[in-house]
Each structure stands twice: as C-alpha cells, then as structure tokens.
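Undergrad: I'd like to ask you about the structure that follows.
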Amino acid sequence: MHDLQLFRGHLDQTAERLASRKFELNKDAFRAIDVRRREALTEVETLKAERNERSKDIGARKKAGEDTTELQASVRAIGDRIIELEKGSEQLDGEFQDLLKGIPNLPHESVPLGASADDNVEVRREGTPATMDFEAKPHWDLGVDLGILDFERAAKVTGARFAVYFGQGAKLERALINFMLDTHTGEHGYMETLPPFLVNSDSLFGTGQLPKFADDLFKCEGFDFWLAPTAEVPVTNLLRDETLDLEKLPIKLCAYTPCFRSEAGSHGRDVRGIIRQHQFQKVELVKFVHPDNSYAELDALTHDAENILRKLGLPFRTMALCTGDMGFSSAKTYDIEVWLPGQNTYKEISSCSNFEAFQARRAGIRFRGPKKSEYLHTLNGSGLAVGRTWVAIVENYQQKDGSVLVPEVLRPYLNAEVITKQGLLA
C-alpha cells in the first residue's frame, strides 16, 4: 500500500516512476476523486464556521429572551449536512484506498530502468561451471534414471506439475532444508520459525498477493484459508497490526514451509522437471528493519542467501532486476541464479527484495520512533528454494556413470558420499 499523501502531493512524479515499471496510473481518476474530496472538506469547514456563529447568536438571543426555535432548527440542519459531507469524504478516501490497492510499489532510484528480464544487470558472478568430459544430463533424466524422482506416479496421485522423491532423493531434499536452517540460524543470526501453512485473506493482502494475484493461489473451499504461496506470507504477518520497540530492530526470521502456487501466469515455462511446480519446499528469510538501514540489510540478506550456494560449491550469478521485471510489492530486487549444466543456463534460485514500507503499511506493522510511530521496512528472500537447489546439485555433481556426488557439507546429513541407483522398484 502507498502513502496517500505522496499521491496527492506528487501525482505526476509518482506516475512517471510507475510508468518505468510498465504501470499506467490513472491520474484523471485520482484528480477527480481528490477534487470532490477537497470540495466536501471545504464545505464542511464553511458549515462548521457558520454553525459556530449561529450557536453564538442563539446564546445571545436566549439571554435577551428571544425565541430561537427556527435558529436552532437551522443549526441542527447544518449539523446533519456536516455529518453527510464527512461520510462522503470518508467514502472518497475509501475510493482512494481501493485505487491504491492495485498499484505496484514505487521502484527505488537505484533500480535499473528496463522493460523486461533482458534489461536486468549482472552484479556479480561466483564459481566456474565444471568442465565435464561427457554430455551433461538434465535432472528430469538423471533423477528418473537413478530412481529418486518420479513424475508419473505423482501425476497419478495428484496431477501434472507434481513430483515424488524416493530414497536418497527424498533424503537430499530433507538434508537441504536442515542445512539451510542450520546455516541461517547458526551463522547468519536468524531465528527459526515454523508458521502455519494455511493463511487467511488479511495475511495475503498484507504482503501484496491479494487482491491482484488471487488466480496464482490455491483457496480452501468453504473457508477463509489459502495454501501459503511462500513463507513470506505467514512470517511477515506474524507482526501484523503490531508496534515494535525501536531497540528490537532488526528482527530476522527464517522458516521452512511447503509452498503452493497455481502458476497461472507461467504460460508453459519450465514445464519439464521440478523447476516450476504447484508444490515445492522453500526456506525463507524475512527481516523487519529500520527504514534508514533497509538497503544495507538487503545486501546482507542477499549475501546470506548466496552463502548457501558458496558452501555447496555451486556456480551462481546475482542480477539486479530492472523496473519492468520486478514483483508487484518490491522496491528493489536481486535475483540469484544458479548454473544448471544439464540445461546450459542460469536459473533463478532466490529473489531477495526490499519492500520498504509497502507491506508494512498494508499490514499495519510499525515501530516506535523518537516522536511518533512509523512504518518499518520489510525484506525477504529465499534462502533457498529447496527443489531448485536439489536440481542444481544433481546436475552439477553428476558423474559419467550416472551417479551424483554429494557436496561435502551435506554428507553428514545424508550419511553418504554418492547417490546411486535405487528407488521403489530398483
């Protein structure tokens, strides 16, 4: 949600900033509502002044013993008109708020200008893709051949875009979750959180998924429950409608959750394998920070997510998203992309974003400042998407014989150095 005063006082400049992210602001609609609202407020002030004068006149006339019946009736009529105008003004404010709900966040001044992912800017690149003396296979072949990944049985149970893991494939997924949580809590200073996996509509509004992106979500019929699309939603909303003490900031939380998305807007992208599934696991990093420090905190959060890839020995690059490629609620986003040799490309494995006060204003999350309460800034990022990390390990650590080496940091979790053929019917 936006600061209404910003739109009223700087409408043209705000429209220009939104245009950089391919959003056309209806300035005429804003101005029309604002004119009606200002006219109503002006009339209210005029009527209040008139009512005060007539009230004084009534007092004087009563002292003089005069009849004030008609004058009192006129004062009551003025009061009724004031109430009517104030209700109308509140309704106009509500119309303003309804317009604001559908408007994306304003991009930070440091965000590169651009229309699409082609205009994103590489910030850094770490690790060198391994040279293989054989043709690298994609994970959808490797996993099936090893008997650790099965799409056909998952489709039988549920449908397309679901997967089932067997044996060391399932254990690798669990190992990654534990490794990520252990690293973020033990080394990066986050508090582990296990939130509900079902969220209500207020929570989804608070983080910006509703009302605009309802088609991307799964709703429980007959209940105000939705399957969480990411741990960002329940974890951010843990502090909804709260005012925090300044000395408590920053607050750093991390959480594992399964995530559920309809992928309504994916338009056939990544249909093979487990890159884009309806259900996937993720470890999320969430921060509540002072506005003065939020961009330094964004850099730190991004580094924390990257550090998982460093420890796993996976090559990656970090991209600053341009204005035309950012998410609805974000003011600035870094995408971390991991190298996948089986697909000969880098693929997003984490988006780390600063939402500034956009989510905090929608969710009512404040801190006590020196003079008054203020909206804090919220940040989050995947630390990491577990399924995509699974893919990166299988593809980057594949061997000529079809087995997969286990990265050293994960060997204590799997109690194994290599993943070999197994599965339900191996």
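By convention in this document, the chains of the structure tokens carry letters A, B, ... by their order, each chain's residues are numbered from 1, and ligands are numbered from 1 in the order they are shown.
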Find the residues around range 392-400 of chain A up to 10 Å (only C-alpha atoms counted), leave out those fewer than 4 positions away in its own chain, and share them as a ChimeraX atom specification.
TA: /A:129-143,169,172,309,312-315,338-343,346-347,349,386-388,404-407,418-419
Undergrad: Please identify every residue of range 185-236 of chain A that has at least one atom no farther than 12 Å from an atom of range 364-382 of chain A, counting only C-alpha atoms, and for each give the shortest atom pair and the distance in Å to one decimal, arranged by chain then increasing number, as a Markdown table.
TA:
| residue | atom | partner | partner_atom | distance |
| --- | --- | --- | --- | --- |
| A:Asp202 | CA | A:Gly364 | CA | 11.1 |
| A:Ser203 | CA | A:Gly364 | CA | 11.1 |
| A:Phe205 | CA | A:Gly364 | CA | 11.2 |
| A:Gly206 | CA | A:Gly364 | CA | 8.1 |
| A:Thr207 | CA | A:Thr378 | CA | 9.6 |
| A:Thr230 | CA | A:Ser382 | CA | 9.1 |
| A:Ala231 | CA | A:Ser382 | CA | 9.1 |
| A:Glu232 | CA | A:Asn380 | CA | 6.7 |
| A:Val233 | CA | A:Asn380 | CA | 10.1 |
| A:Val235 | CA | A:Asn380 | CA | 9.8 |
| A:Thr236 | CA | A:Thr378 | CA | 7.8 |
Undergrad: Let me see the file: selected residues, C-alpha atoms, as a CSV table (one decimal), in the first residue's frame.
TA:
chain,number,residue,atom,x,y,z
A,202,ASP,CA,-5.8,-10.5,5.5
A,203,SER,CA,-2.4,-12.1,5.5
A,205,PHE,CA,-3.4,-8.7,1.5
A,206,GLY,CA,-0.7,-7.6,3.9
A,207,THR,CA,2.1,-9.0,1.8
A,230,THR,CA,5.6,-18.8,0.3
A,231,ALA,CA,6.7,-18.4,3.9
A,232,GLU,CA,6.9,-14.7,3.3
A,233,VAL,CA,3.2,-14.5,3.9
A,235,VAL,CA,6.1,-15.0,8.7
A,236,THR,CA,5.6,-11.3,7.7
Undergrad: Leaving out Leu285 in chain A and any residue of its chain fewer than 6 positions from it, which residues lie within 12 Å of it when counting only C-alpha atoms, given as a ChimeraX atom specification?
TA: /A:180-181,183-185,188-193,230-236,251-257,297-298,300-305,350-354,378-385
Undergrad: Have a look at A:Thr14, A:Arg31, A:Asp215, A:Leu149 and name the one nearest to Gln168 in chain A; count only C-alpha atoms.
TA: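 Smallest distance to Gln168 in chain A is found for A:Leu149.
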Undergrad: Which residues are near Ala154 in chain A? Cut-off 6 Å, only C-alpha atoms, ignore same chain within fewer than 3 positions. Put them as a compact mmCIF listing (two decimals) with C-alpha atoms, in the first residue's frame.
TA:
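Just written: selection-v7.txt:
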# COMPACT_ATOMS: atom_id res chain seq x y z
CA PHE A 151 6.67 -37.71 -12.20
CA VAL A 157 -1.80 -39.25 -7.16
CA PHE A 162 3.88 -32.52 -9.02
CA ALA A 163 6.78 -34.87 -8.19
CA VAL A 164 7.54 -37.64 -5.73
Undergrad: As a list in words, which residues of range 348-392 of chain A does DSSP assign to helix (DSSP H, G or I)?
TA: Phe358, Gln359, Ala360, Arg361, Arg362, Ala363, Val386, Gly387, Arg388, Thr389, Trp390, Val391 and Ala392 of chain A
Undergrad: Any idea what's packed within 8 Å of Ile148 in chain A, counting only C-alpha atoms, ignoring anything in its chain fewer than 3 positions away? Could you give it as a ChimeraX atom specification?
TA: /A:143-145,165-170,421-423
Undergrad: Please produce a file of the residues just selected, as a CSV table (one decimal), in the first residue's frame, where the atoms kept are C-alpha atoms.
TA:
chain,number,residue,atom,x,y,z
A,143,GLY,CA,16.6,-38.3,-11.3
A,144,VAL,CA,14.3,-40.8,-13.1
A,145,ASP,CA,17.3,-42.9,-14.2
A,165,TYR,CA,11.0,-38.3,-4.4
A,166,PHE,CA,12.3,-41.7,-3.4
A,167,GLY,CA,15.2,-42.9,-1.2
A,168,GLN,CA,18.3,-40.6,-1.3
A,169,GLY,CA,16.3,-38.2,-3.5
A,170,ALA,CA,13.9,-37.6,-0.6
A,421,LYS,CA,20.6,-46.0,-8.4
A,422,GLN,CA,17.7,-47.0,-6.1
A,423,GLY,CA,14.0,-46.2,-5.9
Undergrad: From a backbone DSSP assignment, name each residue in range 106-138 of chain A labelled strand (DSSP E), as a list in words.
TA: Val121, Glu122, Val123, Arg124, Arg125 and Glu126 of chain A
Undergrad: Taking N, CA and C atoms for each residue, export the selection above as a PDB file, in the first residue's frame.
TA:
ATOM      1  N   VAL A 121      20.568  -6.362 -14.751  1.00  0.00           N
ATOM      2  CA  VAL A 121      22.002  -6.051 -14.720  1.00  0.00           C
ATOM      3  C   VAL A 121      22.727  -7.034 -13.807  1.00  0.00           C
ATOM      4  N   GLU A 122      23.770  -7.662 -14.328  1.00  0.00           N
ATOM      5  CA  GLU A 122      24.560  -8.584 -13.516  1.00  0.00           C
ATOM      6  C   GLU A 122      25.399  -7.805 -12.509  1.00  0.00           C
ATOM      7  N   VAL A 123      25.278  -8.177 -11.238  1.00  0.00           N
ATOM      8  CA  VAL A 123      26.005  -7.509 -10.157  1.00  0.00           C
ATOM      9  C   VAL A 123      27.324  -8.224  -9.876  1.00  0.00           C
ATOM     10  N   ARG A 124      27.280  -9.544  -9.837  1.00  0.00           N
ATOM     11  CA  ARG A 124      28.485 -10.341  -9.595  1.00  0.00           C
ATOM     12  C   ARG A 124      28.236 -11.769 -10.048  1.00  0.00           C
ATOM     13  N   ARG A 125      29.343 -12.483 -10.230  1.00  0.00           N
ATOM     14  CA  ARG A 125      29.296 -13.878 -10.650  1.00  0.00           C
ATOM     15  C   ARG A 125      30.369 -14.619  -9.869  1.00  0.00           C
ATOM     16  N   GLU A 126      29.984 -15.758  -9.281  1.00  0.00           N
ATOM     17  CA  GLU A 126      30.924 -16.533  -8.477  1.00  0.00           C
ATOM     18  C   GLU A 126      30.897 -17.993  -8.897  1.00  0.00           C
TER      19      GLU A 126
END
Undergrad: CA of Glu348 in chain A and CA of Ser20 in chain A are how many Å apart?
TA: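 Answer for the CA of Glu348 in chain A to CA of Ser20 in chain A separation: 22.9 Å.
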